[in-house]
file upload25.cif (mmCIF, C-alpha atoms and all ligand atoms)
data_work
#
loop_
_atom_site.group_PDB
_atom_site.id
_atom_site.type_symbol
_atom_site.label_atom_id
_atom_site.label_comp_id
_atom_site.auth_asym_id
_atom_site.auth_seq_id
_atom_site.Cartn_x
_atom_site.Cartn_y
_atom_site.Cartn_z
ATOM 1 C CA MET A 1 -0.946 -77.120 7.337
ATOM 2 C CA ASP A 2 -1.327 -77.382 3.527
ATOM 3 C CA GLU A 3 1.680 -77.893 1.235
ATOM 4 C CA MET A 4 1.609 -74.308 -0.111
ATOM 5 C CA THR A 5 1.751 -72.820 3.414
ATOM 6 C CA LYS A 6 4.587 -75.196 4.316
ATOM 7 C CA PHE A 7 6.432 -74.253 1.104
ATOM 8 C CA ARG A 8 6.086 -70.537 1.912
ATOM 9 C CA GLN A 9 7.335 -71.172 5.450
ATOM 10 C CA CYS A 10 10.310 -73.094 4.093
ATOM 11 C CA LEU A 11 11.204 -70.224 1.724
ATOM 12 C CA GLY A 12 10.863 -67.818 4.668
ATOM 13 C CA GLN A 13 13.712 -69.643 6.408
ATOM 14 C CA PHE A 14 16.039 -67.818 4.029
ATOM 15 C CA ALA A 15 16.883 -64.454 5.631
ATOM 16 C CA THR A 16 17.036 -61.600 3.116
ATOM 17 C CA GLY A 17 17.426 -57.874 2.965
ATOM 18 C CA VAL A 18 14.408 -55.806 1.949
ATOM 19 C CA THR A 19 14.187 -53.556 -1.094
ATOM 20 C CA VAL A 20 11.691 -51.220 -2.690
ATOM 21 C CA VAL A 21 11.874 -51.523 -6.476
ATOM 22 C CA SER A 22 10.842 -48.259 -8.127
ATOM 23 C CA CYS A 23 10.108 -47.112 -11.664
ATOM 24 C CA ARG A 24 7.823 -44.776 -13.593
ATOM 25 C CA ASP A 25 4.863 -46.052 -15.557
ATOM 26 C CA GLN A 26 4.058 -44.968 -19.096
ATOM 27 C CA ASP A 27 2.103 -41.940 -17.787
ATOM 28 C CA GLY A 28 5.093 -40.847 -15.673
ATOM 29 C CA LYS A 29 3.550 -41.959 -12.370
ATOM 30 C CA SER A 30 6.002 -43.219 -9.702
ATOM 31 C CA CYS A 31 5.631 -46.903 -8.749
ATOM 32 C CA GLY A 32 7.211 -48.789 -5.853
ATOM 33 C CA ILE A 33 6.959 -52.389 -4.668
ATOM 34 C CA THR A 34 8.510 -53.935 -1.564
ATOM 35 C CA ALA A 35 10.530 -56.923 -2.766
ATOM 36 C CA ASN A 36 12.920 -59.376 -1.137
ATOM 37 C CA SER A 37 13.544 -61.421 -4.294
ATOM 38 C CA PHE A 38 16.510 -59.202 -5.208
ATOM 39 C CA SER A 39 19.724 -61.016 -6.063
ATOM 40 C CA SER A 40 23.037 -60.253 -7.696
ATOM 41 C CA VAL A 41 23.647 -62.122 -10.962
ATOM 42 C CA SER A 42 26.851 -60.989 -12.700
ATOM 43 C CA LEU A 43 29.797 -58.668 -12.048
ATOM 44 C CA GLU A 44 30.852 -58.235 -15.682
ATOM 45 C CA PRO A 45 28.528 -57.042 -17.015
ATOM 46 C CA PRO A 46 26.958 -55.860 -13.735
ATOM 47 C CA LEU A 47 23.563 -57.601 -13.594
ATOM 48 C CA VAL A 48 20.998 -58.017 -10.808
ATOM 49 C CA LEU A 49 17.491 -59.501 -10.723
ATOM 50 C CA TRP A 50 14.226 -59.446 -8.856
ATOM 51 C CA ASN A 51 10.885 -61.217 -9.369
ATOM 52 C CA ILE A 52 7.492 -59.586 -9.774
ATOM 53 C CA ALA A 53 4.207 -61.430 -9.209
ATOM 54 C CA LYS A 54 2.003 -61.591 -12.291
ATOM 55 C CA VAL A 55 -0.917 -60.437 -10.116
ATOM 56 C CA SER A 56 0.816 -57.162 -9.240
ATOM 57 C CA ASN A 57 -1.199 -54.065 -10.160
ATOM 58 C CA SER A 58 2.082 -52.502 -11.273
ATOM 59 C CA LEU A 59 3.128 -55.406 -13.516
ATOM 60 C CA GLY A 60 2.597 -53.424 -16.747
ATOM 61 C CA ALA A 61 4.722 -50.549 -15.472
ATOM 62 C CA TYR A 62 7.705 -52.788 -14.653
ATOM 63 C CA LEU A 63 7.425 -54.850 -17.849
ATOM 64 C CA SER A 64 7.534 -51.701 -19.988
ATOM 65 C CA ALA A 65 9.972 -49.608 -17.902
ATOM 66 C CA GLU A 66 13.349 -49.016 -19.552
ATOM 67 C CA HIS A 67 14.852 -48.192 -16.162
ATOM 68 C CA PHE A 68 14.144 -49.125 -12.559
ATOM 69 C CA ALA A 69 15.889 -48.810 -9.204
ATOM 70 C CA ILE A 70 16.536 -51.237 -6.376
ATOM 71 C CA ASN A 71 16.345 -49.269 -3.089
ATOM 72 C CA ILE A 72 17.889 -51.374 -0.305
ATOM 73 C CA LEU A 73 16.220 -50.438 2.986
ATOM 74 C CA SER A 74 18.021 -49.652 6.229
ATOM 75 C CA SER A 75 16.970 -50.924 9.655
ATOM 76 C CA GLN A 76 15.266 -47.520 10.190
ATOM 77 C CA GLN A 77 12.951 -48.021 7.202
ATOM 78 C CA GLN A 78 10.631 -50.851 8.244
ATOM 79 C CA SER A 79 7.647 -48.517 7.823
ATOM 80 C CA LEU A 80 8.631 -47.983 4.164
ATOM 81 C CA ALA A 81 8.665 -51.761 3.632
ATOM 82 C CA ALA A 82 5.092 -52.006 4.956
ATOM 83 C CA HIS A 83 4.056 -48.902 2.986
ATOM 84 C CA PHE A 84 5.271 -50.207 -0.395
ATOM 85 C CA ALA A 85 3.741 -53.660 0.213
ATOM 86 C CA LYS A 86 0.299 -52.031 -0.164
ATOM 87 C CA SER A 87 -1.658 -52.245 -3.382
ATOM 88 C CA GLU A 88 -2.717 -48.608 -3.688
ATOM 89 C CA ASN A 89 -2.356 -45.620 -5.973
ATOM 90 C CA GLY A 90 -0.240 -42.635 -4.947
ATOM 91 C CA LEU A 91 2.197 -44.526 -2.722
ATOM 92 C CA PHE A 92 4.886 -41.915 -3.453
ATOM 93 C CA ASP A 93 2.700 -38.947 -2.493
ATOM 94 C CA ASP A 94 4.141 -38.459 1.021
ATOM 95 C CA ILE A 95 7.499 -40.113 0.481
ATOM 96 C CA VAL A 96 10.850 -38.323 0.225
ATOM 97 C CA SER A 97 12.532 -39.277 -3.043
ATOM 98 C CA LYS A 98 14.714 -37.779 -5.762
ATOM 99 C CA ASP A 99 14.664 -38.450 -9.477
ATOM 100 C CA SER A 100 17.660 -40.192 -11.007
ATOM 101 C CA GLN A 101 19.199 -39.180 -14.343
ATOM 102 C CA TYR A 102 16.528 -41.354 -16.027
ATOM 103 C CA SER A 103 13.683 -39.982 -13.849
ATOM 104 C CA VAL A 104 13.476 -43.095 -11.691
ATOM 105 C CA PRO A 105 12.350 -42.197 -8.146
ATOM 106 C CA ILE A 106 15.158 -42.947 -5.679
ATOM 107 C CA LEU A 107 14.237 -43.211 -1.975
ATOM 108 C CA SER A 108 16.230 -41.088 0.479
ATOM 109 C CA ASN A 109 18.319 -42.399 3.405
ATOM 110 C CA THR A 110 18.450 -45.999 2.198
ATOM 111 C CA LEU A 111 21.268 -48.459 2.854
ATOM 112 C CA ALA A 112 22.095 -48.414 -0.861
ATOM 113 C CA HIS A 113 20.468 -48.107 -4.252
ATOM 114 C CA LEU A 114 21.198 -49.462 -7.696
ATOM 115 C CA GLU A 115 19.799 -47.848 -10.824
ATOM 116 C CA CYS A 116 19.268 -50.333 -13.640
ATOM 117 C CA ARG A 117 18.461 -50.507 -17.326
ATOM 118 C CA THR A 118 16.070 -53.386 -18.008
ATOM 119 C CA HIS A 119 18.235 -56.108 -19.577
ATOM 120 C CA ALA A 120 15.912 -59.135 -19.841
ATOM 121 C CA ILE A 121 12.528 -60.340 -18.627
ATOM 122 C CA HIS A 122 11.813 -64.048 -18.168
ATOM 123 C CA ASP A 123 8.323 -65.475 -17.751
ATOM 124 C CA CYS A 124 8.597 -67.933 -14.867
ATOM 125 C CA GLY A 125 5.584 -69.588 -13.209
ATOM 126 C CA ASP A 126 3.431 -67.024 -11.421
ATOM 127 C CA HIS A 127 6.223 -64.392 -11.550
ATOM 128 C CA HIS A 128 8.406 -62.638 -14.109
ATOM 129 C CA ILE A 129 12.138 -62.470 -13.459
ATOM 130 C CA ILE A 130 13.370 -58.949 -14.269
ATOM 131 C CA VAL A 131 17.101 -58.666 -14.912
ATOM 132 C CA GLY A 132 18.681 -55.221 -14.810
ATOM 133 C CA GLU A 133 22.054 -53.918 -15.921
ATOM 134 C CA VAL A 134 23.362 -51.645 -13.177
ATOM 135 C CA ILE A 135 24.180 -48.209 -14.584
ATOM 136 C CA ASP A 136 24.636 -46.349 -11.306
ATOM 137 C CA PHE A 137 24.757 -47.204 -7.597
ATOM 138 C CA ARG A 138 25.362 -45.622 -4.218
ATOM 139 C CA LEU A 139 25.906 -47.118 -0.767
ATOM 140 C CA SER A 140 26.007 -45.941 2.843
ATOM 141 C CA ASP A 141 27.160 -47.490 6.098
ATOM 142 C CA ASN A 142 23.677 -47.698 7.655
ATOM 143 C CA GLU A 143 22.451 -51.003 9.134
ATOM 144 C CA PRO A 144 20.301 -53.294 6.953
ATOM 145 C CA LEU A 145 16.653 -54.227 7.444
ATOM 146 C CA ILE A 146 16.286 -58.043 7.460
ATOM 147 C CA PHE A 147 13.236 -60.179 6.604
ATOM 148 C CA TYR A 148 13.178 -63.645 8.144
ATOM 149 C CA GLY A 149 10.365 -66.086 8.926
ATOM 150 C CA GLY A 150 7.746 -63.552 7.873
ATOM 151 C CA ASN A 151 9.046 -60.860 10.252
ATOM 152 C CA TYR A 152 11.349 -57.866 10.069
ATOM 153 C CA THR A 153 14.454 -57.842 12.180
ATOM 154 C CA GLY A 154 17.948 -56.324 12.267
ATOM 155 C CA VAL A 155 21.374 -57.942 12.042
ATOM 156 C CA ASN A 156 21.990 -57.633 15.784
ATOM 157 C CA SER A 157 18.494 -58.338 17.090
HETATM 158 C C1 LIG B 1 9.083 -58.454 2.766
HETATM 159 C C2 LIG B 1 8.275 -58.504 1.494
HETATM 160 C C3 LIG B 1 8.862 -58.963 0.331
HETATM 161 C C4 LIG B 1 8.119 -59.013 -0.872
HETATM 162 N N1 LIG B 1 8.750 -59.421 -2.014
HETATM 163 C C5 LIG B 1 8.084 -59.390 -3.187
HETATM 164 C C6 LIG B 1 8.739 -59.720 -4.409
HETATM 165 O O1 LIG B 1 9.925 -60.033 -4.432
HETATM 166 N N2 LIG B 1 8.023 -59.651 -5.551
HETATM 167 C C7 LIG B 1 6.707 -59.276 -5.572
HETATM 168 O O2 LIG B 1 6.096 -59.236 -6.649
HETATM 169 N N3 LIG B 1 6.049 -58.959 -4.427
HETATM 170 C C8 LIG B 1 6.715 -58.994 -3.251
HETATM 171 N N4 LIG B 1 6.071 -58.638 -2.101
HETATM 172 C C9 LIG B 1 4.659 -58.248 -2.154
HETATM 173 C C10 LIG B 1 4.502 -56.850 -2.727
HETATM 174 O O3 LIG B 1 5.232 -55.897 -2.000
HETATM 175 C C11 LIG B 1 3.016 -56.454 -2.732
HETATM 176 O O4 LIG B 1 2.238 -57.521 -3.180
HETATM 177 C C12 LIG B 1 2.786 -55.304 -3.671
HETATM 178 O O5 LIG B 1 3.428 -54.142 -3.232
HETATM 179 C C13 LIG B 1 1.277 -55.061 -3.823
HETATM 180 O O6 LIG B 1 1.056 -53.952 -4.677
HETATM 181 P P1 LIG B 1 0.854 -54.097 -6.254
HETATM 182 O O7 LIG B 1 -0.345 -54.970 -6.500
HETATM 183 O O8 LIG B 1 0.659 -52.701 -6.719
HETATM 184 O O9 LIG B 1 2.092 -54.741 -6.784
HETATM 185 C C14 LIG B 1 6.775 -58.597 -0.892
HETATM 186 C C15 LIG B 1 6.184 -58.119 0.301
HETATM 187 C C16 LIG B 1 6.918 -58.072 1.470
HETATM 188 C C17 LIG B 1 6.279 -57.532 2.725
#

call {"tool": "encode", "arguments": {"input": "upload25.cif", "output": "structure tokens"}}
result
Amino acid sequence: MDEMTKFRQCLGQFATGVTVVSCRDQDGKSCGITANSFSSVSLEPPLVLWNIAKVSNSLGAYLSAEHFAINILSSQQQSLAAHFAKSENGLFDDIVSKDSQYSVPILSNTLAHLECRTHAIHDCGDHHIIVGEVIDFRLSDNEPLIFYGGNYTGVNS
């Protein structure tokens, strides 16, 4: 096994939740990317971050978006995680979502979502770190979807 594969496997030992980060591009088109790089940063002010690969087709949209949302998926939403990991146009076409106050598409029936104003963007290796100031959030008592070792699982499975 080469070093890069081993490195990826090592990183995969860290169990995470799964999010879909959404925004609108400059033409108003909805964008969504499955991401598990989400992390909390600060309580006061309320800041969170995620990382986007520089090779992403949606990179321009996220770098120029004033607002974005972190949609935290529930254990019932594994199919959404696979759906938004695809590099295709029109990913929102058959998806149930509602627009936030800043027209960011918010997925329905998630575990939670956080709506953010883009606070800072840091160029970092082959990714950009996008830091958002949380301006609105909502949570439910659904069960989380977990990503571990390259597979989806639940907290009790
Ligand atoms: C569980 C999981 C977590 C992922 N996390 C990230 C991430 O944090 N950042 C990222 O840029 N891509 C991540 N990806 C890959 C993107 O979802 C995928 O490359 C992207 O949706 C491809 O479309 P795009 O080229 O339009 O960005 C992840 C994929 C999966 C399945």

call {"tool": "resolve_selection", "arguments": {"input": "upload25.cif", "expression": "the PyMOL selection byres (((chain A and resi 77-83) around 9) and not hetatm)", "output": "number ranges by chain"}}
result
A: 18-20, 33-35, 73-76, 84-86, 91, 95, 109-110, 145, 152-153

call {"tool": "residues_near_point", "arguments": {"input": "upload25.cif", "point": "(18.0, -43.9, -14.8)", "cutoff": "12 Å", "atoms": "all atoms listed in the file", "output": "VMD selection string"}}
result
chain A and resid 22 to 24 65 to 70 98 to 106 113 to 118 132 to 137

call {"tool": "atom_distance", "arguments": {"input": "upload25.cif", "atom1": "CA of Thr16 in chain A", "atom2": "CA of Asn156 in chain A"}}
result
14.2 Å

call {"tool": "atom_distance", "arguments": {"input": "upload25.cif", "atom1": "atom O3 of ligand LIG 1 (chain B)", "atom2": "CA of Phe92 in chain A"}}
result
14.1 Å

call {"tool": "closest_residue", "arguments": {"input": "upload25.cif", "among": "A:Ile146, A:Asp25, A:Ile129, A:Leu139", "to": "Val41 in chain A", "atoms": "only C-alpha atoms"}}
result
A:Ile129

call {"tool": "closest_residue", "arguments": {"input": "upload25.cif", "among": "A:Leu47, A:Val131, A:Val96, A:Ile52", "to": "ligand LIG 1 (chain B)", "atoms": "all atoms listed in the file"}}
result
A:Ile52

call {"tool": "atom_distance", "arguments": {"input": "upload25.cif", "atom1": "CA of Pro144 in chain A", "atom2": "CA of His122 in chain A"}}
result
28.6 Å

call {"tool": "closest_residue", "arguments": {"input": "upload25.cif", "among": "A:Asn36, A:Asn71, A:Gln9, A:Ser140", "to": "ligand LIG 1 (chain B)", "atoms": "only C-alpha atoms and all ligand atoms"}}
result
A:Asn36

call {"tool": "closest_residue", "arguments": {"input": "upload25.cif", "among": "A:Lys54, A:Arg138, A:Lys29, A:Lys6", "to": "ligand LIG 1 (chain B)", "atoms": "all atoms listed in the file"}}
result
A:Lys54

call {"tool": "axis_aligned_box", "arguments": {"input": "upload25.cif", "around": "range 39-57 of chain A", "padding_each_side": "4 Å", "output": "JSON"}}
result
{"center_x": 14.8, "center_y": -58.1, "center_z": -11.5, "size_x": 40.1, "size_y": 16.1, "size_z": 19.0}

call {"tool": "residues_around", "arguments": {"input": "upload25.cif", "residues": "Asp126 in chain A", "least_positions_apart": "2", "cutoff": "9 Å", "atoms": "only C-alpha atoms", "output": "ChimeraX atom specification"}}
result
/A:52-55,123-124,128

call {"tool": "closest_residue", "arguments": {"input": "upload25.cif", "among": "A:Phe147, A:Met1, A:Ile130, A:Ile72", "to": "Ser108 in chain A", "atoms": "only C-alpha atoms"}}
result
A:Ile72

call {"tool": "residues_near_point", "arguments": {"input": "upload25.cif", "point": "(4.4, -48.4, -20.0)", "cutoff": "6 Å", "atoms": "all atoms listed in the file", "output": "list of chain:residue names"}}
result
A:Asp25, A:Gln26, A:Ala61, A:Ser64

call {"tool": "decode", "arguments": {"input": "upload25.cif", "residues": "range 7-149 of chain A", "atoms": "C-alpha atoms", "output": "short mmCIF file (atom, residue, chain, number, x, y, z; two decimals), in the first residue's frame"}}
result
data_model
loop_
_atom_site.label_atom_id
_atom_site.label_comp_id
_atom_site.auth_asym_id
_atom_site.auth_seq_id
_atom_site.Cartn_x
_atom_site.Cartn_y
_atom_site.Cartn_z
CA PHE A 7 -2.54 8.31 5.10
CA ARG A 8 -6.15 8.34 3.86
CA GLN A 9 -6.87 5.15 5.81
CA CYS A 10 -5.37 6.69 8.94
CA LEU A 11 -7.55 9.81 8.57
CA GLY A 12 -10.56 7.52 8.06
CA GLN A 13 -10.02 6.13 11.56
CA PHE A 14 -11.56 9.36 12.84
CA ALA A 15 -15.34 8.84 12.95
CA THR A 16 -17.30 11.92 11.86
CA GLY A 17 -20.81 13.03 11.15
CA VAL A 18 -21.75 13.75 7.54
CA THR A 19 -22.91 17.10 6.18
CA VAL A 20 -24.05 18.56 2.89
CA VAL A 21 -22.71 22.10 2.51
CA SER A 22 -25.03 24.17 0.34
CA CYS A 23 -24.90 27.60 -1.28
CA ARG A 24 -25.99 29.42 -4.42
CA ASP A 25 -23.57 30.27 -7.18
CA GLN A 26 -23.36 33.67 -8.85
CA ASP A 27 -26.11 32.68 -11.33
CA GLY A 28 -28.42 31.66 -8.46
CA LYS A 29 -28.00 27.91 -9.05
CA SER A 30 -28.16 25.69 -5.93
CA CYS A 31 -24.92 23.84 -5.07
CA GLY A 32 -24.37 21.04 -2.56
CA ILE A 33 -21.31 19.02 -1.57
CA THR A 34 -21.13 16.10 0.85
CA ALA A 35 -18.46 17.01 3.40
CA ASN A 36 -17.20 15.47 6.63
CA SER A 37 -14.52 18.11 7.27
CA PHE A 38 -17.00 20.20 9.28
CA SER A 39 -15.79 21.35 12.69
CA SER A 40 -16.79 23.85 15.33
CA VAL A 41 -14.24 26.64 15.88
CA SER A 42 -15.52 29.31 18.29
CA LEU A 43 -18.54 29.94 20.53
CA GLU A 44 -18.13 33.72 20.79
CA PRO A 45 -18.32 34.70 18.03
CA PRO A 46 -20.01 31.51 16.77
CA LEU A 47 -17.66 30.16 14.08
CA VAL A 48 -17.50 26.83 12.24
CA LEU A 49 -15.34 25.56 9.37
CA TRP A 50 -15.19 23.03 6.58
CA ASN A 51 -12.64 22.30 3.85
CA ILE A 52 -13.26 22.26 0.11
CA ALA A 53 -10.96 20.51 -2.37
CA LYS A 54 -9.42 22.85 -4.92
CA VAL A 55 -10.45 20.38 -7.64
CA SER A 56 -14.15 20.74 -6.79
CA ASN A 57 -16.30 21.85 -9.72
CA SER A 58 -18.18 24.05 -7.26
CA LEU A 59 -15.07 25.73 -5.82
CA GLY A 60 -15.85 29.11 -7.43
CA ALA A 61 -19.38 29.10 -6.03
CA TYR A 62 -18.21 28.51 -2.44
CA LEU A 63 -15.31 30.97 -2.65
CA SER A 64 -17.64 33.75 -3.80
CA ALA A 65 -20.75 32.86 -1.74
CA GLU A 66 -21.59 35.36 1.00
CA HIS A 67 -23.68 32.72 2.75
CA PHE A 68 -23.69 28.93 2.96
CA ALA A 69 -25.36 26.26 5.08
CA ILE A 70 -24.07 23.18 6.85
CA ASN A 71 -26.81 20.50 6.67
CA ILE A 72 -26.01 17.75 9.19
CA LEU A 73 -27.45 14.47 7.90
CA SER A 74 -29.53 12.03 9.92
CA SER A 75 -29.10 8.25 9.87
CA GLN A 76 -32.04 8.14 7.38
CA GLN A 77 -30.18 10.29 4.84
CA GLN A 78 -27.32 8.09 3.63
CA SER A 79 -28.69 8.32 0.07
CA LEU A 80 -28.35 12.13 0.24
CA ALA A 81 -24.69 11.75 1.25
CA ALA A 82 -24.03 9.59 -1.83
CA HIS A 83 -26.11 11.93 -4.02
CA PHE A 84 -24.19 15.10 -3.07
CA ALA A 85 -20.81 13.35 -3.43
CA LYS A 86 -21.43 13.27 -7.21
CA SER A 87 -19.85 15.78 -9.53
CA GLU A 88 -22.90 16.68 -11.62
CA ASN A 89 -25.10 19.62 -12.51
CA GLY A 90 -28.65 19.86 -11.19
CA LEU A 91 -28.10 17.90 -7.98
CA PHE A 92 -30.93 19.84 -6.30
CA ASP A 93 -33.46 19.12 -9.05
CA ASP A 94 -35.26 16.26 -7.23
CA ILE A 95 -34.34 17.18 -3.68
CA VAL A 96 -36.69 18.65 -1.07
CA SER A 97 -35.24 21.90 0.24
CA LYS A 98 -36.34 25.34 1.41
CA ASP A 99 -34.63 28.67 0.93
CA SER A 100 -33.25 30.41 4.00
CA GLN A 101 -33.57 34.16 4.60
CA TYR A 102 -30.45 34.60 2.42
CA SER A 103 -31.71 32.19 -0.29
CA VAL A 104 -29.40 29.38 0.76
CA PRO A 105 -31.00 25.98 0.04
CA ILE A 106 -31.66 24.15 3.31
CA LEU A 107 -32.28 20.38 3.14
CA SER A 108 -35.42 19.04 4.83
CA ASN A 109 -35.52 16.47 7.67
CA THR A 110 -31.86 16.79 8.61
CA LEU A 111 -30.40 16.27 12.08
CA ALA A 112 -29.56 19.98 12.23
CA HIS A 113 -28.49 22.85 10.03
CA LEU A 114 -26.40 25.95 10.53
CA GLU A 115 -26.67 28.95 8.22
CA CYS A 116 -23.42 30.89 7.95
CA ARG A 117 -22.01 34.13 6.62
CA THR A 118 -18.59 33.52 5.07
CA HIS A 119 -16.10 34.88 7.62
CA ALA A 120 -12.68 33.86 6.24
CA ILE A 121 -11.14 31.63 3.59
CA HIS A 122 -7.66 30.15 4.05
CA ASP A 123 -5.66 28.59 1.23
CA CYS A 124 -4.28 25.36 2.67
CA GLY A 125 -2.53 22.69 0.57
CA ASP A 126 -4.94 21.09 -1.89
CA HIS A 127 -7.99 22.50 -0.02
CA HIS A 128 -9.38 25.84 1.11
CA ILE A 129 -10.57 26.16 4.70
CA ILE A 130 -13.89 28.05 4.73
CA VAL A 131 -14.82 29.61 8.06
CA GLY A 132 -18.41 30.70 8.59
CA GLU A 133 -20.07 32.86 11.22
CA VAL A 134 -23.27 31.12 12.27
CA ILE A 135 -26.24 33.45 11.83
CA ASP A 136 -29.03 30.91 12.28
CA PHE A 137 -29.34 27.24 13.26
CA ARG A 138 -31.92 24.57 13.95
CA LEU A 139 -31.66 21.10 15.47
CA SER A 140 -33.82 18.00 15.84
CA ASP A 141 -33.59 14.84 17.91
CA ASN A 142 -33.05 12.50 14.95
CA GLU A 143 -30.13 10.03 14.98
CA PRO A 144 -26.88 11.04 13.23
CA LEU A 145 -25.32 9.48 10.13
CA ILE A 146 -21.70 8.48 10.87
CA PHE A 147 -18.77 8.06 8.46
CA TYR A 148 -15.98 5.78 9.64
CA GLY A 149 -13.30 3.80 7.81
#
